[in-house]
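**Student:** Sharing target-v8.cif, mmCIF, C-alpha atoms:
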```cif
data_protein
loop_
_atom_site.label_atom_id
_atom_site.label_comp_id
_atom_site.auth_asym_id
_atom_site.auth_seq_id
_atom_site.Cartn_x
_atom_site.Cartn_y
_atom_site.Cartn_z
CA MET U 1 1.48 3.45 -21.55
CA VAL U 2 1.07 3.18 -17.78
CA SER U 3 0.04 0.49 -15.33
CA MET U 4 -2.59 0.51 -12.61
CA ASP U 5 0.09 1.00 -9.95
CA ASP U 6 0.95 4.35 -11.55
CA CYS U 7 -2.58 5.45 -10.67
CA ALA U 8 -1.89 4.76 -6.99
CA ASN U 9 1.25 6.89 -7.03
CA ARG U 10 0.10 10.12 -5.39
CA ARG U 11 2.80 12.00 -7.30
CA SER U 12 1.27 11.00 -10.61
CA GLY U 13 -1.85 13.14 -10.48
CA ARG U 14 -5.11 12.09 -12.05
CA CYS U 15 -5.60 8.72 -13.70
CA THR U 16 -8.54 8.12 -16.01
CA ILE U 17 -9.60 4.79 -17.44
CA TYR U 18 -12.59 4.76 -19.75
CA ARG U 19 -15.12 2.02 -19.11
CA VAL U 20 -14.58 -0.51 -21.88
CA PRO U 21 -14.73 -4.28 -22.34
CA ALA U 22 -12.05 -6.08 -20.33
CA ALA U 23 -10.11 -7.14 -23.40
CA ALA U 24 -9.44 -3.54 -24.34
CA LEU U 25 -9.01 -2.04 -20.88
CA ALA U 26 -5.27 -2.62 -20.59
CA ALA U 27 -4.70 -0.65 -23.79
CA LEU U 28 -6.61 2.35 -22.51
CA LEU U 29 -4.93 3.04 -19.17
CA VAL U 30 -4.30 6.76 -19.37
CA LEU U 31 -2.70 9.08 -16.81
CA GLY U 32 -4.11 12.53 -16.46
CA ALA U 33 -3.80 12.33 -13.21
CA CYS U 34 -26.22 16.74 11.18
CA THR U 35 -28.99 14.23 11.01
CA SER U 36 -28.47 10.52 11.32
CA ALA U 37 -27.83 8.53 8.19
CA GLY U 38 -30.94 7.65 6.26
CA GLU U 39 -32.20 4.13 5.91
CA ALA U 40 -30.19 2.16 3.37
CA SER U 41 -31.91 1.41 0.09
CA SER U 42 -31.01 -1.28 -2.38
CA GLY U 43 -30.53 -0.50 -6.03
CA PRO U 44 -31.20 -2.76 -8.99
CA GLY U 45 -29.21 -5.97 -8.93
CA SER U 46 -28.42 -5.65 -5.22
CA SER U 47 -29.27 -7.58 -2.10
CA ALA U 48 -30.73 -5.86 0.96
CA SER U 49 -27.20 -5.38 2.27
CA GLY U 50 -26.27 -3.48 -0.85
CA MET U 51 -23.92 -6.20 -2.13
CA THR U 52 -24.40 -7.53 -5.65
CA THR U 53 -25.63 -11.09 -5.61
CA PRO U 54 -24.34 -13.79 -8.01
CA GLY U 55 -26.27 -13.81 -11.24
CA GLU U 56 -27.41 -10.21 -10.77
CA ALA U 57 -24.19 -8.38 -11.61
CA SER U 58 -24.34 -5.56 -14.13
CA PRO U 59 -23.00 -6.36 -17.63
CA SER U 60 -19.77 -4.42 -16.98
CA VAL U 61 -18.80 -6.54 -13.97
CA THR U 62 -17.53 -10.10 -14.20
CA GLN U 63 -18.82 -12.07 -11.19
CA ASP U 64 -16.06 -14.35 -9.95
CA PRO U 65 -16.43 -17.50 -7.82
CA LEU U 66 -16.31 -16.98 -4.09
CA PHE U 67 -13.00 -15.65 -2.84
CA PRO U 68 -10.85 -18.64 -1.74
CA ILE U 69 -10.45 -17.84 1.96
CA GLU U 70 -9.66 -21.49 2.71
CA GLY U 71 -6.28 -21.17 1.01
CA PHE U 72 -5.14 -18.61 3.58
CA ALA U 73 -6.25 -20.62 6.62
CA ASP U 74 -3.17 -22.81 6.25
CA ILE U 75 -0.67 -19.95 6.55
CA SER U 76 1.87 -20.69 9.27
CA GLU U 77 3.45 -18.00 11.44
CA ASP U 78 6.35 -20.30 12.28
CA GLN U 79 9.67 -19.39 10.72
CA VAL U 80 10.44 -20.74 7.28
CA SER U 81 13.37 -23.07 6.81
CA LYS U 82 16.88 -21.64 6.80
CA ARG U 83 17.12 -22.42 3.10
CA GLN U 84 13.95 -20.47 2.29
CA ALA U 85 14.97 -17.61 4.56
CA ALA U 86 18.33 -17.33 2.78
CA GLU U 87 16.59 -17.41 -0.62
CA PHE U 88 14.11 -14.69 0.31
CA GLN U 89 16.82 -12.51 1.87
CA ALA U 90 19.03 -12.79 -1.20
CA ILE U 91 16.08 -11.75 -3.37
CA LEU U 92 15.31 -8.74 -1.18
CA ASP U 93 18.98 -7.72 -1.19
CA ASP U 94 18.90 -7.74 -4.99
CA ILE U 95 15.65 -5.74 -5.14
CA ALA U 96 17.04 -3.14 -2.74
CA ASP U 97 20.35 -2.89 -4.61
CA TRP U 98 18.63 -2.60 -7.97
CA ASN U 99 16.32 0.18 -6.78
CA GLY U 100 18.77 1.95 -4.48
CA ALA U 101 16.30 1.75 -1.61
CA GLY U 102 16.07 0.71 1.98
CA MET U 103 13.51 -2.09 2.04
CA SER U 104 11.58 -4.42 4.31
CA ALA U 105 9.52 -7.43 3.24
CA THR U 106 7.38 -10.19 4.72
CA VAL U 107 6.29 -13.44 3.09
CA MET U 108 3.61 -15.63 4.69
CA THR U 109 2.83 -19.11 3.32
CA ALA U 110 1.75 -22.52 4.54
CA ASP U 111 5.47 -23.34 4.86
CA GLY U 112 6.04 -20.51 7.32
CA THR U 113 6.64 -16.79 7.65
CA TRP U 114 9.73 -14.78 6.82
CA SER U 115 10.54 -11.10 7.35
CA GLY U 116 13.73 -9.39 6.26
CA ALA U 117 15.31 -6.03 5.55
CA ALA U 118 17.99 -4.52 3.35
CA GLY U 119 19.54 -1.13 2.72
CA SER U 120 19.70 2.08 4.69
CA ALA U 121 16.95 3.59 6.82
CA ASP U 122 18.43 7.06 7.14
CA GLY U 123 21.95 7.12 5.74
CA VAL U 124 23.37 5.83 9.03
CA ARG U 125 21.20 3.01 10.34
CA ASP U 126 20.18 -0.10 8.44
CA VAL U 127 16.53 -0.86 7.81
CA ARG U 128 15.14 -3.48 10.18
CA ALA U 129 12.26 -5.86 9.60
CA ASP U 130 10.25 -3.90 12.16
CA SER U 131 11.08 -0.48 10.67
CA GLN U 132 7.99 1.56 9.91
CA PHE U 133 7.40 3.07 6.45
CA GLY U 134 4.59 5.19 5.08
CA VAL U 135 2.38 2.81 3.08
CA ALA U 136 0.37 5.46 1.21
CA SER U 137 -2.51 4.13 -0.91
CA VAL U 138 -2.40 0.62 0.57
CA THR U 139 -4.46 2.41 3.24
CA LYS U 140 -7.40 2.38 0.83
CA THR U 141 -7.87 -1.37 1.15
CA LEU U 142 -8.18 -1.12 4.93
CA ILE U 143 -10.74 1.67 4.60
CA ALA U 144 -12.67 -0.34 2.01
CA ALA U 145 -12.68 -3.33 4.38
CA GLN U 146 -14.06 -1.12 7.15
CA VAL U 147 -16.82 0.07 4.84
CA MET U 148 -17.68 -3.56 4.04
CA GLN U 149 -17.88 -4.38 7.74
CA MET U 150 -20.43 -1.59 8.06
CA VAL U 151 -22.32 -2.91 5.04
CA GLU U 152 -22.48 -6.36 6.61
CA VAL U 153 -24.14 -5.05 9.79
CA GLY U 154 -26.59 -2.89 7.86
CA GLU U 155 -25.08 0.51 8.65
CA LEU U 156 -24.36 1.19 4.98
CA SER U 157 -25.63 0.03 1.60
CA LEU U 158 -23.20 -0.11 -1.29
CA ASP U 159 -25.77 1.15 -3.77
CA ALA U 160 -27.22 3.99 -1.71
CA PRO U 161 -26.10 7.57 -2.43
CA ALA U 162 -23.21 8.71 -0.26
CA THR U 163 -25.31 11.73 0.72
CA ASP U 164 -27.56 9.36 2.69
CA TYR U 165 -24.66 8.97 5.11
CA LEU U 166 -23.35 12.53 5.25
CA PRO U 167 -24.57 15.54 7.24
CA GLN U 168 -27.79 17.07 5.91
CA HIS U 169 -26.17 20.36 4.95
CA PHE U 170 -22.91 18.89 3.65
CA ASP U 171 -21.62 21.50 1.20
CA PHE U 172 -19.89 19.46 -1.50
CA ASP U 173 -21.06 18.10 -4.84
CA THR U 174 -20.86 14.30 -4.51
CA ASN U 175 -22.22 13.92 -8.05
CA GLY U 176 -24.93 11.55 -6.85
CA ALA U 177 -22.26 8.88 -6.32
CA THR U 178 -23.05 5.79 -4.31
CA ILE U 179 -20.83 4.18 -1.70
CA ARG U 180 -19.84 1.59 -4.30
CA GLN U 181 -18.86 4.27 -6.82
CA LEU U 182 -16.63 5.96 -4.25
CA LEU U 183 -14.97 2.63 -3.48
CA ASP U 184 -14.35 1.65 -7.11
CA MET U 185 -13.40 5.14 -8.34
CA TYR U 186 -16.35 5.52 -10.70
CA SER U 187 -17.86 8.52 -8.88
CA GLY U 188 -16.89 11.00 -11.59
CA ILE U 189 -15.40 13.29 -8.92
CA PRO U 190 -11.93 14.76 -9.59
CA ASP U 191 -9.02 14.67 -7.17
CA TRP U 192 -8.03 17.30 -4.64
CA TYR U 193 -4.43 16.23 -5.19
CA GLY U 194 -2.34 17.70 -8.00
CA GLU U 195 0.92 19.46 -8.76
CA ASP U 196 0.03 22.60 -6.79
CA MET U 197 -0.97 20.56 -3.76
CA GLU U 198 2.18 18.45 -4.03
CA ALA U 199 4.30 21.61 -3.99
CA ARG U 200 2.47 22.95 -0.92
CA MET U 201 2.89 19.70 0.97
CA ALA U 202 6.59 19.48 0.15
CA ALA U 203 7.20 23.09 1.15
CA HIS U 204 5.20 22.96 4.38
CA ARG U 205 5.70 19.51 5.85
CA ARG U 206 4.31 20.43 9.27
CA ARG U 207 1.05 21.88 8.03
CA ALA U 208 -2.05 20.11 9.33
CA TRP U 209 -4.78 19.93 6.70
CA LYS U 210 -8.50 19.80 7.47
CA THR U 211 -10.98 17.88 5.36
CA ASP U 212 -12.96 20.96 4.34
CA GLN U 213 -9.73 22.54 3.08
CA LEU U 214 -9.05 19.50 0.91
CA LEU U 215 -12.55 19.39 -0.55
CA ALA U 216 -12.33 23.10 -1.33
CA LEU U 217 -9.48 22.22 -3.71
CA VAL U 218 -11.74 20.02 -5.84
CA GLY U 219 -12.87 21.76 -9.01
CA PRO U 220 -16.50 21.97 -10.15
CA ASP U 221 -16.19 19.64 -13.14
CA ARG U 222 -17.80 16.22 -12.89
CA VAL U 223 -18.35 13.38 -15.34
CA PRO U 224 -21.42 11.12 -15.12
CA VAL U 225 -21.06 8.35 -12.57
CA ASP U 226 -20.13 4.91 -13.89
CA THR U 227 -18.62 6.22 -17.11
CA GLU U 228 -14.94 6.81 -16.29
CA PHE U 229 -12.50 5.33 -13.82
CA ILE U 230 -10.83 8.33 -12.16
CA TYR U 231 -8.32 7.38 -9.49
CA ALA U 232 -8.86 10.14 -6.93
CA ASP U 233 -8.11 10.37 -3.23
CA THR U 234 -11.28 12.45 -2.95
CA ASN U 235 -13.35 9.26 -3.05
CA TYR U 236 -11.72 7.91 0.09
CA THR U 237 -11.71 11.29 1.80
CA LEU U 238 -15.49 11.18 1.42
CA LEU U 239 -15.65 7.59 2.66
CA GLY U 240 -13.81 8.70 5.79
CA LEU U 241 -16.51 11.29 6.38
CA VAL U 242 -19.18 8.64 5.83
CA ILE U 243 -17.56 6.34 8.39
CA GLU U 244 -17.37 9.16 10.94
CA HIS U 245 -20.91 10.43 10.40
CA VAL U 246 -22.57 7.02 10.58
CA SER U 247 -20.55 5.85 13.58
CA GLY U 248 -20.31 9.16 15.42
CA ARG U 249 -16.63 8.41 16.07
CA PRO U 250 -13.30 9.35 14.47
CA VAL U 251 -12.08 7.03 11.72
CA VAL U 252 -9.18 5.82 13.86
CA ASP U 253 -11.55 4.69 16.62
CA VAL U 254 -13.79 2.86 14.17
CA LEU U 255 -10.78 1.11 12.66
CA ARG U 256 -9.41 0.08 16.06
CA ARG U 257 -12.79 -1.42 16.99
CA GLY U 258 -13.22 -2.84 13.51
CA VAL U 259 -10.76 -4.07 10.89
CA LEU U 260 -7.66 -3.27 12.97
CA ARG U 261 -8.65 -5.68 15.74
CA VAL U 262 -5.96 -8.11 14.69
CA GLU U 263 -3.34 -9.55 17.01
CA GLY U 264 0.28 -8.80 16.25
CA ILE U 265 -0.15 -5.65 14.15
CA GLU U 266 0.90 -3.12 16.80
CA ARG U 267 3.37 -1.48 14.42
CA LEU U 268 0.56 -0.48 12.04
CA VAL U 269 -0.62 3.06 12.90
CA TYR U 270 -3.22 5.42 11.48
CA GLN U 271 -1.56 8.84 11.24
CA PRO U 272 -1.76 11.55 12.44
CA ASP U 273 -4.08 10.30 15.21
CA GLU U 274 -1.42 7.73 16.00
CA ALA U 275 2.30 8.43 15.71
CA PRO U 276 5.06 6.18 14.37
CA THR U 277 7.81 5.05 16.73
CA PRO U 278 11.41 3.84 16.24
CA PRO U 279 12.72 2.06 14.33
CA MET U 280 11.64 3.96 11.24
CA ALA U 281 12.85 4.24 7.66
CA MET U 282 13.11 7.87 6.60
CA PRO U 283 11.53 9.02 3.32
CA ASP U 284 13.97 8.95 0.42
CA GLY U 285 16.59 7.69 2.86
CA GLU U 286 16.95 11.15 4.37
CA SER U 287 18.63 11.63 7.74
CA ARG U 288 16.67 11.31 10.96
CA ALA U 289 16.18 15.08 10.76
CA ALA U 290 13.39 14.34 8.25
CA LEU U 291 11.19 13.13 11.10
CA ALA U 292 11.33 16.49 12.88
CA LYS U 293 10.92 18.36 9.60
CA GLY U 294 7.74 16.38 9.01
CA GLY U 295 6.31 17.01 12.46
CA GLY U 296 6.96 13.47 13.67
CA TYR U 297 5.05 11.61 10.94
CA LEU U 298 5.90 9.49 7.89
CA PRO U 299 6.54 11.13 5.52
CA SER U 300 5.12 14.30 7.14
CA LEU U 301 2.21 15.80 9.05
CA SER U 302 1.16 17.55 5.85
CA ASP U 303 0.91 14.25 3.99
CA ALA U 304 -0.68 12.26 6.82
CA SER U 305 -3.33 14.86 7.64
CA SER U 306 -4.29 15.34 4.00
CA ALA U 307 -4.13 11.71 2.87
CA GLY U 308 -6.16 10.42 5.81
CA PRO U 309 -8.39 7.53 4.67
CA ALA U 310 -6.71 7.60 1.26
CA GLY U 311 -3.15 7.04 2.43
CA ALA U 312 -2.19 7.90 6.02
CA ILE U 313 -1.14 4.54 7.45
CA ALA U 314 2.44 3.76 8.47
CA SER U 315 3.55 0.22 9.25
CA ASP U 316 6.35 -2.28 9.30
CA SER U 317 6.09 -5.21 6.91
CA PRO U 318 5.21 -7.92 9.49
CA SER U 319 2.27 -5.92 10.85
CA LEU U 320 0.93 -5.06 7.41
CA ALA U 321 1.31 -8.67 6.25
CA GLY U 322 -0.46 -9.85 9.38
CA TRP U 323 -3.38 -7.62 8.52
CA TRP U 324 -3.56 -8.94 4.95
CA ARG U 325 -3.48 -12.54 6.22
CA ALA U 326 -6.47 -11.84 8.47
CA PHE U 327 -8.25 -9.98 5.68
CA CYS U 328 -7.79 -12.63 2.98
CA SER U 329 -8.66 -15.50 5.33
CA GLY U 330 -12.09 -14.00 5.99
CA GLU U 331 -11.46 -13.00 9.60
CA LEU U 332 -12.32 -9.32 9.05
CA VAL U 333 -15.05 -9.39 6.41
CA SER U 334 -17.13 -12.23 5.05
CA GLN U 335 -16.26 -14.39 2.07
CA GLU U 336 -19.08 -12.68 0.19
CA SER U 337 -17.63 -9.26 0.94
CA LEU U 338 -14.17 -10.39 -0.19
CA THR U 339 -15.72 -11.66 -3.39
CA GLU U 340 -17.46 -8.32 -3.91
CA MET U 341 -14.28 -6.37 -3.26
CA SER U 342 -12.14 -8.51 -5.56
CA THR U 343 -14.61 -8.52 -8.46
CA PHE U 344 -12.89 -6.03 -10.70
CA VAL U 345 -14.98 -3.68 -12.83
CA ASP U 346 -14.34 -4.41 -16.51
CA GLY U 347 -12.55 -7.65 -15.79
CA PRO U 348 -9.17 -8.73 -14.41
CA ASP U 349 -7.36 -5.55 -15.48
CA GLY U 350 -9.82 -3.30 -13.64
CA TYR U 351 -10.31 -2.00 -10.11
CA GLY U 352 -12.59 -3.47 -7.47
CA LEU U 353 -13.61 -2.08 -4.10
CA GLY U 354 -10.23 -0.89 -2.84
CA LEU U 355 -8.41 -3.75 -4.59
CA PHE U 356 -6.85 -4.61 -7.92
CA ASN U 357 -4.40 -7.11 -9.39
CA ALA U 358 -1.22 -5.56 -8.04
CA ALA U 359 0.95 -8.20 -9.76
CA ASP U 360 -0.36 -7.69 -13.28
CA PRO U 361 0.89 -8.90 -15.75
CA TYR U 362 3.27 -11.49 -14.27
CA ALA U 363 0.93 -13.05 -11.67
CA PHE U 364 -2.45 -12.68 -10.01
CA ALA U 365 -2.52 -10.94 -6.64
CA VAL U 366 -5.43 -9.31 -4.87
CA GLY U 367 -3.83 -6.23 -3.39
CA HIS U 368 -2.84 -2.60 -3.66
CA VAL U 369 0.23 -0.42 -4.09
CA GLY U 370 1.16 3.02 -2.85
CA ALA U 371 3.70 5.79 -3.21
CA ASN U 372 4.15 9.18 -1.57
CA PHE U 373 7.07 11.52 -0.98
CA GLY U 374 9.84 8.98 -0.71
CA TYR U 375 7.96 5.76 0.09
CA VAL U 376 6.65 2.88 -2.00
CA SER U 377 4.55 -0.07 -0.90
CA TRP U 378 3.18 -3.29 -2.34
CA ALA U 379 0.83 -5.54 -0.38
CA GLY U 380 -1.43 -8.37 -1.38
CA CYS U 381 -2.59 -11.95 -1.32
CA LEU U 382 -1.84 -14.64 -3.88
CA PRO U 383 -5.05 -16.71 -4.05
CA GLU U 384 -3.57 -19.47 -6.22
CA VAL U 385 -0.99 -20.42 -3.58
CA GLY U 386 -2.54 -19.02 -0.38
CA ALA U 387 0.30 -16.61 0.33
CA VAL U 388 0.70 -13.01 1.51
CA ILE U 389 3.55 -10.74 0.44
CA VAL U 390 4.39 -7.21 1.57
CA VAL U 391 7.31 -5.13 0.30
CA LEU U 392 8.06 -1.61 1.57
CA GLY U 393 10.71 0.83 0.34
CA ASN U 394 11.99 4.31 1.15
CA SER U 395 12.90 5.47 -2.33
CA GLN U 396 10.79 6.40 -5.33
CA ILE U 397 10.48 3.43 -7.70
CA ASP U 398 8.85 3.66 -11.11
CA ASP U 399 7.60 0.07 -11.41
CA ILE U 400 5.96 -0.45 -8.04
CA GLY U 401 3.84 -3.31 -9.33
CA GLY U 402 6.92 -5.15 -10.51
CA MET U 403 8.89 -4.48 -7.33
CA PRO U 404 8.01 -7.79 -5.59
CA ALA U 405 8.08 -9.91 -8.76
CA PRO U 406 11.14 -12.01 -7.77
CA LEU U 407 9.54 -12.82 -4.41
CA VAL U 408 6.24 -13.64 -6.08
CA ASP U 409 8.06 -15.92 -8.52
CA ALA U 410 9.86 -17.70 -5.69
CA VAL U 411 6.64 -18.27 -3.76
CA THR U 412 4.58 -19.44 -6.72
CA ALA U 413 7.36 -21.75 -7.86
CA GLY U 414 7.08 -23.56 -4.54
#
```
Translate this structure into structure tokens?
**Tutor:**
Amino acid sequence: MVSMDDCANRRSGRCTIYRVPAAALAALLVLGACTSAGEASSGPGSSASGMTTPGEASPSVTQDPLFPIEGFADISEDQVSKRQAAEFQAILDDIADWNGAGMSATVMTADGTWSGAAGSADGVRDVRADSQFGVASVTKTLIAAQVMQMVEVGELSLDAPATDYLPQHFDFDTNGATIRQLLDMYSGIPDWYGEDMEARMAAHRRRAWKTDQLLALVGPDRVPVDTEFIYADTNYTLLGLVIEHVSGRPVVDVLRRGVLRVEGIERLVYQPDEAPTPPMAMPDGESRAALAKGGGYLPSLSDASSAGPAGAIASDSPSLAGWWRAFCSGELVSQESLTEMSTFVDGPDGYGLGLFNAADPYAFAVGHVGANFGYVSWAGCLPEVGAVIVVLGNSQIDDIGGMPAPLVDAVTAG
């Protein structure tokens, strides 16, 4: 039996979840692994913007109340009390010791903000709170937010075919998937990532991958859309192409003018267009030589250039937490968009639009996790208490979803 965070581990391969009633979903999580865009059209049960409206959701989607952005408006960026800081630091020290990892974490609540670090960055230097880590699949939430910004201004429709927003002669079988089905992993398209690709990336860290090379790795098999959840980076690779084709600009430029226009997140970079800078935590706690071996990127140029919109971001914990605070408080997308994104297909154990309950089963958190070649990441918002937590590590950890549990418990306990 595996958890949803296993699906976000890029070393795990394909993950398939059959569409079933919410009560049975948890028991069935199974790992297996140029013309301008056309006018957006709205499908059944959709508003003109392409977002599902309350009361019109399909039977397989549970429509939740509006996302509680008000709870995050009270977050304070002042330092927490010395007592709280000592408590959080002691918890992080224990997490790092238990997992044998260098770690950084940030907690943001109405009582204040705390950032701390523990363990080794590279076998010589200690991790700092501003050390950058690869955050892997947490990138997907930022890409999904950018897509929702474009939906809000009418550039995209969630329920229009992705081909409406791709070049006319785009040579790839998108399976008739809509923008929504790419976001929620119900496109029926398999992943370009697998064991062979993992071996290539590990052996050739400095290789720069192109998108057409990645898509050429995708096999011909497809399943009907909306029948199986298949966690595949391919979906977000395609969304990156959609963003670029509709905007006429590289993804990094769209992000910088869009969802990355947040003060205080300078240490969050979109690789390989942007490069990480010291201090950095090396993957798997390797020596600083790992940076040169990887072409100057975290964990490598091969990973950053291939992952792209599915997992290329590097960040320190304060910058990533600052982004999640802005996101969950409704500063980047509307409350309606946040509600759409956090309405999980097949109920609370399912996946939304670039989001899922990253703290299942011990708490409820709207977030995401990631793992790739020596990094793990957990980031999310706790709607019940209006808090944001980010935990980053530089060692492979099996239970990524459970990694921040002691911090979550401390925050929810008040």
**Student:** For Gly386 (chain U), which of U:Glu266, U:Asp74, U:Asp398, U:Glu152 is the closest residue, counting all atoms listed in the file?
**Tutor:** U:Asp74
**Student:** Running the PyMOL selection byres ((chain U and resi 136) around 7) on this model by hand, what would come out? Give it as a PyMOL selection string.
**Tutor:** chain U and resi 134-135+137-139+311-313+370-372
**Student:** Considering only C-alpha atoms, give me a table of residues in region 201-279 of chain U that are at most 12 Å from region 334-358 of chain U, with the closest atom pair and distance in Å for each, as JSON lines.
**Tutor:**
```
{"residue": "U:Asp226", "atom": "CA", "partner": "U:Val345", "partner_atom": "CA", "distance": 10.1}
{"residue": "U:Thr227", "atom": "CA", "partner": "U:Val345", "partner_atom": "CA", "distance": 11.4}
{"residue": "U:Glu228", "atom": "CA", "partner": "U:Val345", "partner_atom": "CA", "distance": 11.0}
{"residue": "U:Phe229", "atom": "CA", "partner": "U:Tyr351", "partner_atom": "CA", "distance": 8.5}
{"residue": "U:Ile230", "atom": "CA", "partner": "U:Tyr351", "partner_atom": "CA", "distance": 10.5}
{"residue": "U:Tyr231", "atom": "CA", "partner": "U:Tyr351", "partner_atom": "CA", "distance": 9.6}
{"residue": "U:Ala232", "atom": "CA", "partner": "U:Gly354", "partner_atom": "CA", "distance": 11.8}
{"residue": "U:Asp233", "atom": "CA", "partner": "U:Gly354", "partner_atom": "CA", "distance": 11.5}
{"residue": "U:Asn235", "atom": "CA", "partner": "U:Gly354", "partner_atom": "CA", "distance": 10.6}
{"residue": "U:Tyr236", "atom": "CA", "partner": "U:Gly354", "partner_atom": "CA", "distance": 9.4}
{"residue": "U:Leu239", "atom": "CA", "partner": "U:Gly354", "partner_atom": "CA", "distance": 11.5}
{"residue": "U:Val259", "atom": "CA", "partner": "U:Ser334", "partner_atom": "CA", "distance": 11.9}
```
**Student:** Record the distance separating CA of Ser315 (chain U) and CA of Ala85 (chain U), expressed in Å with one decimal.
**Tutor:**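 Interatomic distance, CA of Ser315 (chain U) to CA of Ala85 (chain U): 21.7 Å.
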**Student:** Using all atoms listed in the file, which protein or nucleic acid residues come within 10 Å of Pro278 (chain U)? Drop anything in the same chain fewer than 6 positions from it, and give the result as a PyMOL selection string.
**Tutor:** chain U and resi 130-132+267
